[in-house]
Each structure stands twice: as structure tokens, then as C-alpha cells.
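Source file: work04.cif (mmCIF, C-alpha atoms)
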```cif
data_model
#
loop_
_atom_site.label_atom_id
_atom_site.label_comp_id
_atom_site.auth_asym_id
_atom_site.auth_seq_id
_atom_site.Cartn_x
_atom_site.Cartn_y
_atom_site.Cartn_z
CA MET A 202 78.19 159.65 146.73
CA PHE A 203 77.52 156.12 145.53
CA LEU A 204 80.52 153.77 145.67
CA ALA A 205 80.53 150.64 143.57
CA PRO A 206 81.40 147.48 145.50
CA CYS A 207 84.93 146.26 145.12
CA LEU A 208 84.82 143.01 143.22
CA ARG A 209 87.67 140.51 143.18
CA PRO A 210 88.64 139.33 139.76
CA PHE A 211 87.57 135.72 139.03
CA ILE A 212 90.54 133.46 138.60
CA PRO A 213 89.47 129.96 137.46
CA ARG A 214 91.07 127.06 139.36
CA PRO A 215 92.65 124.31 137.31
CA LEU A 216 90.50 121.22 137.14
CA SER A 217 91.96 118.33 139.14
CA ARG A 218 92.72 115.32 137.02
CA PRO A 219 91.37 111.96 138.14
CA ARG A 220 94.07 109.77 139.57
CA ILE A 221 95.09 107.05 137.15
CA MET A 222 95.31 103.61 138.71
CA ALA A 223 97.01 100.50 137.35
CA GLU A 224 94.67 97.59 136.58
CA LEU A 225 96.63 94.33 136.60
CA LEU A 226 95.62 90.84 135.46
CA PRO A 227 95.82 88.36 138.38
CA SER A 228 96.96 85.52 136.10
CA LEU A 229 100.27 87.23 135.34
CA ALA A 230 103.46 87.67 137.34
CA PRO A 231 104.09 88.76 140.06
CA PHE A 232 100.94 87.27 141.62
CA ARG A 233 101.38 83.92 143.41
CA ARG A 234 98.46 81.50 143.23
CA ALA A 235 97.58 78.80 145.73
CA GLY A 236 94.70 76.34 145.60
CA ARG A 237 92.45 75.56 142.67
CA TRP A 238 92.14 78.34 140.07
CA ALA A 239 91.02 78.18 136.44
CA GLU A 240 92.40 80.81 134.07
CA THR A 241 90.02 82.38 131.55
CA GLY A 242 90.89 83.58 128.07
CA SER A 243 90.77 87.18 129.27
CA GLY A 244 93.38 86.56 132.00
CA SER A 245 91.01 86.50 134.96
CA LEU A 246 91.01 83.69 137.54
CA VAL A 247 88.01 81.62 138.69
CA ALA A 248 87.83 79.55 141.88
CA SER A 249 85.09 77.48 143.51
CA TRP A 250 87.07 75.29 145.93
CA ALA A 251 87.36 77.26 149.18
CA SER A 252 90.87 78.40 150.25
CA ALA A 253 92.05 79.35 146.73
CA SER A 254 94.18 82.49 147.11
CA VAL A 255 96.34 85.05 145.32
CA SER A 256 99.17 86.81 147.16
CA PHE A 257 101.76 89.51 146.46
CA ILE A 258 103.85 92.29 148.01
CA LEU A 259 102.19 95.72 147.86
CA THR A 260 103.54 99.24 148.36
CA SER A 261 100.40 100.99 147.13
CA SER A 262 98.25 103.15 149.41
CA ARG A 263 95.10 101.83 147.79
CA LEU A 264 93.98 98.35 146.77
CA SER A 265 90.84 97.34 144.90
CA ILE A 266 89.71 94.33 142.89
CA ARG A 267 87.34 93.99 139.97
CA ILE A 268 84.85 91.11 140.24
CA GLY A 269 84.32 88.99 137.14
CA PRO A 270 81.01 87.91 135.56
CA LYS A 271 81.28 84.25 136.65
CA THR A 272 81.09 85.21 140.34
CA GLN A 273 78.10 83.67 142.16
CA ARG A 274 76.89 83.52 145.73
CA LYS A 275 75.36 80.18 144.86
CA ASP A 276 73.69 78.95 148.00
CA SER A 277 71.93 80.78 150.82
CA PHE A 278 72.28 77.72 153.06
CA ASN A 279 75.92 78.30 153.84
CA GLY A 280 75.92 79.48 157.44
CA ASN A 281 76.30 83.07 156.24
CA SER A 282 80.08 82.97 156.24
CA VAL A 283 81.89 85.78 154.48
CA MET A 284 82.72 85.19 150.84
CA ILE A 285 86.30 86.42 150.54
CA ILE A 286 88.99 87.53 152.99
CA CYS A 287 91.94 89.85 152.44
CA THR A 288 94.81 89.46 154.92
CA VAL A 289 97.63 91.95 155.39
CA SER A 290 100.95 90.87 156.93
CA ASP A 291 104.55 91.90 157.34
CA PRO A 292 106.49 90.25 154.47
CA ALA A 293 109.09 89.17 157.03
CA ASP A 294 106.43 87.24 159.01
CA PRO A 295 103.71 86.04 156.61
CA TRP A 296 101.86 84.06 159.30
CA LYS A 297 101.22 87.03 161.59
CA HIS A 298 98.30 88.96 160.12
CA SER A 299 98.17 92.63 161.07
CA ARG A 300 94.72 92.88 159.50
CA VAL A 301 92.03 90.42 158.40
CA LEU A 302 89.50 92.14 156.15
CA PRO A 303 86.29 90.13 155.49
CA PHE A 304 83.87 90.80 152.61
CA GLU A 305 80.48 89.15 152.88
CA ASP A 306 79.14 89.50 149.33
CA VAL A 307 80.84 90.54 146.11
CA ASN A 308 78.91 90.80 142.86
CA PRO A 309 79.73 90.46 139.15
CA GLY A 310 81.11 93.69 137.68
CA GLU A 311 81.63 95.26 141.09
CA LEU A 312 84.73 97.26 142.02
CA VAL A 313 85.55 96.31 145.61
CA VAL A 314 87.87 98.51 147.67
CA LEU A 315 89.90 96.15 149.85
CA ASP A 316 92.18 98.62 151.59
CA ARG A 317 93.00 102.31 151.84
CA SER A 318 95.88 103.57 153.92
CA THR A 319 98.62 106.16 153.90
CA ASP A 320 101.22 103.53 154.73
CA LYS A 321 103.26 102.64 151.65
CA ARG A 322 105.69 100.35 153.42
CA PRO A 323 105.82 96.90 151.79
CA LYS A 324 103.10 94.55 153.00
CA LEU A 325 102.12 91.03 152.09
CA VAL A 326 98.55 90.85 150.79
CA GLU A 327 96.58 87.62 150.28
CA ILE A 328 93.08 87.48 148.78
CA SER A 329 91.21 84.21 149.48
CA LEU A 330 87.87 82.59 148.69
CA VAL A 331 86.61 81.20 152.02
CA ASP A 332 82.97 80.30 151.29
CA TRP A 333 82.47 76.71 150.11
CA SER A 334 79.26 77.56 148.22
CA SER A 335 80.47 80.45 146.07
CA VAL A 336 82.24 80.95 142.76
CA PHE A 337 84.74 83.81 142.71
CA GLU A 338 86.10 85.34 139.52
CA LEU A 339 88.96 87.78 140.07
CA SER A 340 89.20 89.94 136.93
CA ALA A 341 91.75 92.54 137.98
CA ILE A 342 93.80 93.86 140.88
CA ILE A 343 93.88 97.66 140.97
CA VAL A 344 96.68 99.60 142.67
CA ASP A 345 98.35 103.02 142.50
CA SER A 346 100.85 101.94 139.86
CA ALA A 347 102.19 98.75 138.30
CA ASP A 348 105.49 99.03 140.15
CA ALA A 349 103.61 99.05 143.48
CA VAL A 350 103.25 95.27 143.17
CA GLN A 351 106.14 92.83 143.53
CA ALA A 352 106.42 89.07 143.77
CA ARG A 353 106.73 87.45 147.16
CA THR A 354 110.33 86.98 148.21
CA ASP A 355 109.91 84.40 150.98
CA PRO A 356 111.72 81.13 150.19
CA GLU A 357 110.00 78.08 148.78
CA PRO A 358 108.60 76.15 151.76
CA PRO A 359 110.01 72.66 152.42
CA ALA A 360 106.51 71.27 152.98
CA ARG A 361 102.99 71.81 151.66
CA LEU A 362 99.74 70.45 153.08
CA LEU A 363 96.78 69.31 150.99
CA PHE A 364 93.53 68.66 152.87
CA ILE A 365 90.84 66.55 151.21
CA GLY A 366 87.53 66.36 152.99
CA ASP A 367 83.88 67.27 153.40
CA SER A 368 81.89 69.91 155.30
CA ILE A 369 84.05 69.81 158.42
CA SER A 370 87.26 70.37 156.46
CA CYS A 371 85.96 73.49 154.67
CA GLY A 372 84.28 75.18 157.66
CA PHE A 373 80.60 74.54 156.89
CA SER A 374 78.12 75.93 159.40
CA SER A 375 74.61 74.52 159.77
CA LEU A 376 73.58 77.61 161.74
CA PRO A 377 74.13 81.28 160.82
CA ARG A 378 77.37 82.98 161.87
CA LEU A 379 78.78 80.14 163.97
CA ILE A 380 81.72 79.76 161.56
CA PRO A 381 81.86 83.37 160.36
CA GLN A 382 84.95 83.11 158.17
CA GLY A 383 84.30 79.77 156.46
CA SER A 384 87.40 77.80 155.50
CA PHE A 385 89.60 80.43 157.16
CA ASP A 386 88.14 79.25 160.52
CA ALA A 387 88.23 75.52 159.70
CA PHE A 388 90.44 73.12 161.67
CA THR A 389 92.43 72.44 158.50
CA THR A 390 93.49 76.08 158.11
CA ARG A 391 94.09 76.39 161.85
CA ALA A 392 96.44 73.40 161.82
CA ALA A 393 98.38 74.85 158.90
CA MET A 394 98.68 78.22 160.66
CA HIS A 395 99.91 76.55 163.85
CA LEU A 396 102.60 74.83 161.82
CA ARG A 397 103.30 77.82 159.54
CA VAL A 398 102.97 75.62 156.47
CA PRO A 399 101.09 76.61 153.29
CA SER A 400 98.00 74.56 152.58
CA THR A 401 95.24 73.91 150.08
CA ILE A 402 91.75 72.62 150.88
CA VAL A 403 89.73 70.51 148.45
CA ALA A 404 86.51 69.84 150.36
CA TYR A 405 82.75 70.14 149.92
CA PRO A 406 79.79 69.60 152.28
CA GLY A 407 77.91 66.35 151.96
CA ILE A 408 80.47 64.77 149.68
CA THR A 409 81.27 61.08 149.95
CA LEU A 410 84.44 59.32 148.92
CA VAL A 411 82.62 56.49 147.16
CA GLU A 412 80.99 56.93 143.75
CA PRO A 413 77.20 56.41 143.46
CA LYS A 414 77.65 53.49 141.05
CA ASP A 415 79.74 51.65 143.64
CA ALA A 416 77.51 52.10 146.67
CA GLY A 417 74.06 50.73 145.91
CA PRO A 418 70.53 52.12 145.49
CA ARG A 419 70.68 54.65 148.36
CA PHE A 420 73.15 56.62 146.25
CA SER A 421 71.02 56.65 143.10
CA SER A 422 70.31 60.40 143.26
CA ARG A 423 73.55 61.54 144.85
CA GLU A 424 76.42 63.51 143.33
CA PRO A 425 79.80 62.07 142.30
CA GLY A 426 82.16 61.23 145.13
CA MET A 427 85.55 62.74 145.90
CA ALA A 428 87.25 59.76 144.25
CA SER A 429 86.49 61.48 140.93
CA ARG A 430 85.61 65.09 141.86
CA PHE A 431 89.00 65.73 143.43
CA PHE A 432 90.56 65.70 139.96
CA LEU A 433 88.22 68.41 138.60
CA ALA A 434 88.91 72.15 138.56
CA GLY A 435 85.59 73.18 140.13
CA SER A 436 83.62 71.97 143.13
CA SER A 437 80.34 71.76 141.18
CA PRO A 438 79.39 68.26 139.95
CA SER A 439 78.50 69.82 136.59
CA ASP A 440 82.05 71.14 136.09
CA THR A 441 83.96 68.48 134.17
CA THR A 442 87.09 70.58 133.54
CA THR A 443 90.20 68.74 134.69
CA ALA A 444 92.14 70.44 137.49
CA PRO A 445 95.78 71.41 136.83
CA LEU A 446 96.82 69.35 139.89
CA ASP A 447 99.79 71.62 140.53
CA GLU A 448 99.54 71.77 144.35
CA ARG A 449 102.84 69.85 144.85
CA PRO A 450 101.89 68.55 148.32
CA THR A 451 104.37 66.83 150.60
CA ILE A 452 101.63 65.73 153.03
CA ILE A 453 98.01 64.90 152.16
CA VAL A 454 95.39 64.69 154.91
CA ILE A 455 92.18 62.83 153.98
CA ALA A 456 89.16 63.41 156.20
CA LEU A 457 86.37 61.57 154.40
CA GLY A 458 83.91 58.82 155.31
CA THR A 459 81.50 60.60 157.65
CA ASN A 460 78.92 60.93 154.86
CA ASP A 461 79.69 57.47 153.45
CA ARG A 462 79.09 55.93 156.88
CA GLY A 463 75.88 57.91 157.35
CA LEU A 464 74.54 56.61 154.05
CA GLY A 465 75.37 53.01 154.82
CA VAL A 466 78.35 52.41 152.55
CA LYS A 467 79.81 49.01 153.30
CA PRO A 468 83.22 49.22 155.02
CA GLN A 469 84.82 46.97 152.40
CA VAL A 470 83.56 49.21 149.57
CA PHE A 471 84.85 52.30 151.35
CA ALA A 472 88.25 50.66 151.97
CA GLN A 473 88.54 49.49 148.37
CA THR A 474 87.73 53.00 147.05
CA LEU A 475 90.11 54.65 149.51
CA ARG A 476 92.95 52.32 148.50
CA ALA A 477 92.46 53.16 144.81
CA PHE A 478 92.14 56.88 145.59
CA ILE A 479 95.39 57.02 147.58
CA THR A 480 97.17 55.04 144.89
CA ARG A 481 96.03 57.56 142.27
CA LEU A 482 97.13 60.46 144.51
CA ALA A 483 100.54 58.84 144.99
CA GLU A 484 100.96 58.51 141.23
CA THR A 485 99.72 62.06 140.58
CA TYR A 486 102.05 63.69 143.12
CA HIS A 487 104.91 61.19 142.99
CA GLY A 488 107.55 63.91 142.75
CA THR A 489 106.68 65.58 146.08
CA LEU A 490 104.34 63.41 148.17
CA ALA A 491 105.96 61.88 151.28
CA HIS A 492 103.03 61.17 153.65
CA VAL A 493 99.30 60.45 153.48
CA CYS A 494 97.30 60.82 156.69
CA ILE A 495 93.84 59.27 156.98
CA ILE A 496 91.47 60.68 159.61
CA HIS A 497 88.67 58.47 160.94
CA PRO A 498 85.11 59.57 160.16
CA PHE A 499 83.99 62.12 162.75
CA PRO A 500 81.49 61.10 165.44
CA PHE A 501 77.79 61.89 165.31
CA PHE A 502 76.94 62.25 168.99
CA GLY A 503 73.81 60.44 170.04
CA ARG A 504 73.80 58.00 167.12
CA GLY A 505 75.64 54.91 168.27
CA PRO A 506 79.40 54.30 168.43
CA THR A 507 81.73 56.92 167.05
CA ILE A 508 83.26 54.48 164.56
CA SER A 509 82.64 50.82 163.87
CA ASN A 510 85.41 48.28 164.29
CA ALA A 511 84.95 47.20 160.68
CA ILE A 512 85.67 50.70 159.35
CA ALA A 513 88.65 51.12 161.70
CA GLU A 514 90.11 47.77 160.65
CA GLY A 515 89.53 48.67 157.02
CA LEU A 516 91.51 51.91 157.36
CA ALA A 517 94.40 50.09 159.02
CA ARG A 518 94.47 47.53 156.20
CA VAL A 519 94.44 50.25 153.56
CA ALA A 520 97.41 51.94 155.25
CA ALA A 521 99.38 48.69 155.37
CA GLU A 522 98.62 47.74 151.75
CA VAL A 523 99.42 51.20 150.32
CA SER A 524 102.67 51.34 152.32
CA ALA A 525 103.66 47.95 150.94
CA LYS A 526 103.00 49.08 147.35
CA HIS A 527 104.55 52.55 147.71
CA PHE A 528 107.33 51.83 150.18
CA THR A 529 108.67 55.40 150.14
CA LEU A 530 105.26 56.75 151.17
CA GLY A 531 104.36 57.04 154.85
CA VAL A 532 100.67 56.24 155.49
CA HIS A 533 99.15 57.11 158.86
CA VAL A 534 95.69 56.58 160.40
CA TRP A 535 94.48 58.95 163.13
CA ASP A 536 91.27 59.30 165.13
CA LEU A 537 90.60 62.94 166.05
CA GLY A 538 87.00 62.34 167.09
CA GLY A 539 87.97 62.00 170.74
CA GLU A 540 88.96 65.68 170.73
CA LEU A 541 85.31 66.70 170.29
CA THR A 542 82.36 66.66 172.67
CA LYS A 543 78.72 67.28 171.93
CA LYS A 544 79.16 70.80 173.38
CA THR A 545 81.86 71.61 170.84
CA THR A 546 79.53 70.75 167.94
CA MET A 547 76.63 72.88 166.72
CA ASP A 548 74.37 69.98 165.72
CA ALA A 549 76.03 66.88 167.23
CA LEU A 550 78.33 66.62 164.19
CA HIS A 551 79.75 69.87 162.79
CA PRO A 552 82.26 71.57 165.11
CA THR A 553 81.71 75.01 166.56
CA LEU A 554 84.48 77.60 166.40
CA GLU A 555 85.81 76.13 169.64
CA GLY A 556 85.63 72.64 168.16
CA HIS A 557 87.62 73.69 165.10
CA THR A 558 90.22 75.27 167.38
CA VAL A 559 90.61 72.04 169.37
CA LEU A 560 90.77 69.89 166.22
CA GLY A 561 93.28 72.23 164.59
CA GLU A 562 95.63 72.04 167.57
CA ALA A 563 95.31 68.24 167.77
CA LEU A 564 95.97 67.79 164.05
CA ALA A 565 98.98 70.14 164.19
CA GLU A 566 100.52 68.04 166.96
CA ARG A 567 100.16 64.88 164.90
CA LEU A 568 101.58 66.51 161.79
CA ARG A 569 104.55 68.15 163.52
CA PRO A 570 106.78 65.00 163.67
CA LEU A 571 106.16 64.38 159.94
CA LEU A 572 107.23 67.93 159.12
CA HIS A 573 110.35 67.52 161.23
CA SER A 574 111.21 64.37 159.29
CA LEU A 575 111.02 66.44 156.10
CA GLY A 576 113.42 69.01 157.48
CA ASP A 577 110.88 71.74 158.26
#
```

Representation of the structure as C-alpha cells:
Amino acid sequence: MFLAPCLRPFIPRPLSRPRIMAELLPSLAPFRRAGRWAETGSGSLVASWASASVSFILTSSRLSIRIGPKTQRKDSFNGNSVMIICTVSDPADPWKHSRVLPFEDVNPGELVVLDRSTDKRPKLVEISLVDWSSVFELSAIIVDSADAVQARTDPEPPARLLFIGDSISCGFSSLPRLIPQGSFDAFTTRAAMHLRVPSTIVAYPGITLVEPKDAGPRFSSREPGMASRFFLAGSSPSDTTTAPLDERPTIIVIALGTNDRGLGVKPQVFAQTLRAFITRLAETYHGTLAHVCIIHPFPFFGRGPTISNAIAEGLARVAAEVSAKHFTLGVHVWDLGGELTKKTTMDALHPTLEGHTVLGEALAERLRPLLHSLGD
């Protein structure tokens, strides 16, 4: 007898629905901005000065960002540092990172997954541009749901640091991978982390303080100096958009002059420009600024004295004259060059990772008494 096989009836399974995520504009609350950002008409944010960041409290299990069309990895000669970094911390201790997530290249239109975890406990997330040579447009922050993002609840800090400088201040590397995390590894950021004080960096490799028109024929083909570029929104010389200047610093640290000295700027021209620059900074930030700290140009080992007496005397005079004009402003002059040796530089000038560590510790120790005087 032939028996037909027993067939199970087909029961169709319900189709799983794709999970709907919330796509939030970074320019809106509850995201906290730090550093130099420009807001676009669509609500995205664009940064080109390294250290610009966006932070928030997250309870989502997943976190992604959408990269905007203005994003550019502009220069291959950047030491191959990563482009952006996402840090994850306990909201109760923002300075102790449980995770540091680096992303080497992000491209326009790309959806970048920053984090996936099953842990929905509140965590502090900060997304930062750390490569001096890139432009980063953050179009959207994508999470499980809109209520998975809250504003930071830590109190307003009593002090804020603003670092103004050149390649050394923003973590430039002349050789691949020696400063792998760009401005995040720079002595400026390390000093701020030692002190647990929020900071902004406005710095660019090769930049001088002095303007080309003020410094003679050797500057005829050079880009504008920091005396004017500081007040612009973008690091590119072609960007003429005015910066919002909303950093509200209590202490400004200026580490410029290494490139001016190397190009033969006369000490009196440098001092005159520095005096006018500090005066403009004091007027711009008059509501918050309490101290300006001037760091001597860094040494170039093997090329004569670390700093000429004329430059040193010029810095001291600038400090005295600015203090006399703005009597509520403390002006300080420090030489950190003695903290470095040729072995702690990669090319007799730019610090290695060890060099940045040493400089960061030394700068933190000099800044600590100023912070104490402000009640930090």
C-alpha cells in the first residue's frame, strides 16, 4: 500500500518590521557644543578647528551619526591621526573615559555606527573632531528614540581654558602615527584633562602670529596670521566667516611665535602684534577673561639658542604693558621649552607622545595656582 507523506501545513511567519530610529539635529537642545562650530541652514554643524565637540547624556543601546556633505579629509600630510573620536564616560565623572572610540576616516553621506551595546544605563557621550586638517559636518545623531538623549546635568564649570597656538598645540605629527589621536593627544588637551577643566583649541600648523603685510618680503606668499584668523569660524584662510566667539574663557594660553621666529620676524614686530592681539582678546572676552598666559616659542634643537634675549625681553614688556592697561587681567610669561629634549621630539621640534605628556603635566602645574585663585 502506498502511503502519502505527511506534510505539515505552511504557516507564514509575520514579517519583522525594521526598527525605527530617531534622527536628531545636533544644533538643537539637548546637545552641548564646545569649540568652534558653524550652524548650517539645515541644522547640521560644521567644524574645522580641531577639538570642536558635541556632548550629551545617552540611554540608547545604539548610537550612529550621519556625515554631512561638507566633510573633507583635506590633507594627506597630517601624520595619519584619526579624524574624530567618540568618548564614553560615567556622567558622574566626565573626565574618566570608560571607552575612547577612534574613527580614522568618515565620508560625506556616510552613516557611521559609533557604539552598540546592551547597556542602557545613562552615559556621557562626546563626539570630537581631532584632526587639524579635516572639515567635519555632523548632520544628525541617530539613537533608539528621542527620549534616549538628555542634556548634560553637570554644573557650569568655574573656569574654561582657551588654547591659541600652532602645530604643537593641535597635535600635529610630521611622521605617521606618532600622534595617533591628533588634538586629543596634544599637550593642551592633556593639561586640561589633568586639571579637569573644559578647553577649546584654536590652532593650526605653520601659522604665525604676525600678518604677512607686517613682516616683510619673506612673508609675501604666506597665509594670514593668527592675529586675524583667530576671529574666523574656520581654520582655512579662504573662510572669511566671522566666528561666534562664544567660548567664554577664563584663562587663555597663547603658544605662538615658533614659526614667526623661524621666518625671521623681528622681535619688536612680534611684540607689537602680540600686544594688540591680547588687547583685542581682552576686549572680546571682557566678561569672563581673568588671565592670559604667554608661552615662549618652542626650541628647535640643533639650530642655535632656544630663544633669543630680544624675544624674551619683548614678551616680558608685553606682559607688563597689557597688565598696566587692563589692571584686572593677570598676564603671565612661561618658558616650557626646558621640559623637552631632542629625544622627546620627532624632528627636533614637534613633540612625540612622550613630549606632549611632559609638556601637558608642566603646563597643568603652572595653571593650577591660577585656577585656585578663581575658586576652582

**Message:** Expand the PyMOL selection byres ((chain A and resi 470) around 12) into the explicit residue set it covers here, and present it as a VMD selection string.
**Reply:** chain A and resid 410 to 417 458 461 to 462 465 to 469 471 to 477 511 to 512 515 to 516 519

At most 10 Å is the cut-off: for each residue in region 477-525 of chain A with any atom that close to an atom of region 532-538 of chain A, write down the nearest atom pair and the distance in Å rounded to one decimal, counting only C-alpha atoms, chain first then increasing number, as CSV.
```
residue,atom,partner,partner_atom,distance
A:Ile479,CA,A:Val532,CA,9.5
A:Ala491,CA,A:Val532,CA,8.8
A:His492,CA,A:Val532,CA,5.8
A:Val493,CA,A:Val532,CA,4.9
A:Cys494,CA,A:His533,CA,4.7
A:Ile495,CA,A:Val534,CA,4.7
A:Ile496,CA,A:Trp535,CA,4.9
A:His497,CA,A:Asp536,CA,5.0
A:Pro498,CA,A:Gly538,CA,7.7
A:Phe499,CA,A:Gly538,CA,5.3
A:Pro500,CA,A:Gly538,CA,5.9
A:Phe501,CA,A:Gly538,CA,9.4
A:Thr507,CA,A:Gly538,CA,7.6
A:Ile508,CA,A:Gly538,CA,9.1
A:Ala513,CA,A:Val534,CA,9.0
A:Leu516,CA,A:Val534,CA,7.0
A:Ala517,CA,A:Val534,CA,6.8
A:Val519,CA,A:Val532,CA,8.9
A:Ala520,CA,A:Val532,CA,5.4
A:Ala521,CA,A:Val532,CA,7.7
A:Glu522,CA,A:Val532,CA,9.5
A:Val523,CA,A:Val532,CA,7.3
A:Ser524,CA,A:Val532,CA,6.2
A:Ala525,CA,A:Val532,CA,9.9
```

**Request:** Please evaluate the PyMOL selection byres ((chain A and resi 421-437) around 7) against the displayed coordinates and give the resulting residues as a ChimeraX atom specification.
**Result:** /A:237,239,248-250,403,408-413,418-420,438-444,478

Generate the output file for the selected residues, C-alpha atoms, as a PDB file, in the coordinates of the input.
```pdb
ATOM      1  CA  ARG A 237      92.450  75.560 142.670  1.00  0.00           C
ATOM      2  CA  ALA A 239      91.020  78.180 136.440  1.00  0.00           C
ATOM      3  CA  ALA A 248      87.830  79.550 141.880  1.00  0.00           C
ATOM      4  CA  SER A 249      85.090  77.480 143.510  1.00  0.00           C
ATOM      5  CA  TRP A 250      87.070  75.290 145.930  1.00  0.00           C
ATOM      6  CA  VAL A 403      89.730  70.510 148.450  1.00  0.00           C
ATOM      7  CA  ILE A 408      80.470  64.770 149.680  1.00  0.00           C
ATOM      8  CA  THR A 409      81.270  61.080 149.950  1.00  0.00           C
ATOM      9  CA  LEU A 410      84.440  59.320 148.920  1.00  0.00           C
ATOM     10  CA  VAL A 411      82.620  56.490 147.160  1.00  0.00           C
ATOM     11  CA  GLU A 412      80.990  56.930 143.750  1.00  0.00           C
ATOM     12  CA  PRO A 413      77.200  56.410 143.460  1.00  0.00           C
ATOM     13  CA  PRO A 418      70.530  52.120 145.490  1.00  0.00           C
ATOM     14  CA  ARG A 419      70.680  54.650 148.360  1.00  0.00           C
ATOM     15  CA  PHE A 420      73.150  56.620 146.250  1.00  0.00           C
ATOM     16  CA  PRO A 438      79.390  68.260 139.950  1.00  0.00           C
ATOM     17  CA  SER A 439      78.500  69.820 136.590  1.00  0.00           C
ATOM     18  CA  ASP A 440      82.050  71.140 136.090  1.00  0.00           C
ATOM     19  CA  THR A 441      83.960  68.480 134.170  1.00  0.00           C
ATOM     20  CA  THR A 442      87.090  70.580 133.540  1.00  0.00           C
ATOM     21  CA  THR A 443      90.200  68.740 134.690  1.00  0.00           C
ATOM     22  CA  ALA A 444      92.140  70.440 137.490  1.00  0.00           C
ATOM     23  CA  PHE A 478      92.140  56.880 145.590  1.00  0.00           C
TER      24      PHE A 478
END
```

**Item:** Residue members of the PyMOL selection byres ((chain A and resi 331) around 7) in the file shown, as number ranges by chain
**Value:** A: 251-252, 284-286, 329-330, 332-333, 382-385

Deliver the residues from the most recent selection as a file, using C-alpha atoms, as a short mmCIF file (atom, residue, chain, number, x, y, z; two decimals), in the frame of the given file.
```cif
data_model
loop_
_atom_site.label_atom_id
_atom_site.label_comp_id
_atom_site.auth_asym_id
_atom_site.auth_seq_id
_atom_site.Cartn_x
_atom_site.Cartn_y
_atom_site.Cartn_z
CA ALA A 251 87.36 77.26 149.18
CA SER A 252 90.87 78.40 150.25
CA MET A 284 82.72 85.19 150.84
CA ILE A 285 86.30 86.42 150.54
CA ILE A 286 88.99 87.53 152.99
CA SER A 329 91.21 84.21 149.48
CA LEU A 330 87.87 82.59 148.69
CA ASP A 332 82.97 80.30 151.29
CA TRP A 333 82.47 76.71 150.11
CA GLN A 382 84.95 83.11 158.17
CA GLY A 383 84.30 79.77 156.46
CA SER A 384 87.40 77.80 155.50
CA PHE A 385 89.60 80.43 157.16
#
```

**Message:** From the options A:Leu482, A:Val350, A:Leu363, A:Ile258, which residue's atoms come nearest to Leu226 (chain A), counting only C-alpha atoms?
**Reply:** A:Val350

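Interatomic distance, CA of Trp238 (chain A) to CA of Gly310 (chain A): 19.1 Å.
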
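Atom pair CA of Thr489 (chain A) / CA of Pro356 (chain A) has a distance of 16.9 Å (rounded to one decimal).
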
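Shortest atom-to-atom contact with Asp355 (chain A) among A:Glu514, A:His573, A:Phe257, A:Phe502: A:Phe257, counting all atoms listed in the file.
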
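Residue nearest Pro358 (chain A) within the list A:Arg234, A:Lys275, A:Arg449, A:Arg378: A:Arg449 [criterion: smallest interatomic distance, all atoms listed in the file].
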
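For the set A:Ala393, A:Val344, A:Glu224, A:Pro377, the residue with the smallest atom-to-atom gap to Ala360 (chain A) is A:Ala393, counting all atoms listed in the file.
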
**Message:** Which residues are near Leu550 (chain A)? Cut-off 10 Å, all atoms listed in the file, ignore same chain within fewer than 2 positions. Put them as a list of chain:residue names.
**Reply:** A:Ile369, A:Ser375, A:Thr459, A:Phe499, A:Pro500, A:Phe501, A:Phe502, A:Gly503, A:Leu541, A:Thr542, A:Lys543, A:Thr545, A:Thr546, A:Met547, A:Asp548, A:Pro552, A:Thr553

**Item:** Point-to-point distance in Å for CA of Ser261 (chain A) and CA of Arg274 (chain A)
**Value:** 29.3 Å

**Message:** Residues within 9 Å of Leu568 (chain A), please, as a count of residues only. Count all atoms listed in the file; anything in the same chain fewer than 6 positions from it doesn't count.
**Reply:** 4

Return as JSON lines the residues of region 346-417 of chain A lying at most 8 Å from region 291-298 of chain A, together with the closest atom-to-atom pair for each and the distance in Å to one decimal, counting all atoms listed in the file, with rows in chain order and ascending residue number.
```
{"residue": "A:Arg353", "atom": "CA", "partner": "A:Pro292", "partner_atom": "CA", "distance": 7.8}
{"residue": "A:Asp355", "atom": "CA", "partner": "A:Pro292", "partner_atom": "CA", "distance": 7.6}
{"residue": "A:Met394", "atom": "CA", "partner": "A:Trp296", "partner_atom": "CA", "distance": 6.8}
{"residue": "A:Arg397", "atom": "CA", "partner": "A:Trp296", "partner_atom": "CA", "distance": 6.4}
```

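Using all atoms listed in the file, the contacts of Thr288 (chain A) at a cut-off of 6 Å, with sequence neighbours closer than 4 positions omitted, comprise Arg300, Val301, Val326 and Glu327 of chain A.
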
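Among the candidate residues A:Gly269, A:Pro399, A:Gly372, A:Gly366, the one lying nearest to Ala387 (chain A) is A:Gly372, with distances computed using all atoms listed in the file.
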
**Request:** Write out as an MDAnalysis selection string the residues lying within 9 Å of Arg233 (chain A), counting all atoms listed in the file and excluding same-chain residues fewer than 5 positions away.
**Result:** chainID A and resid 227:228 254:257 352:353
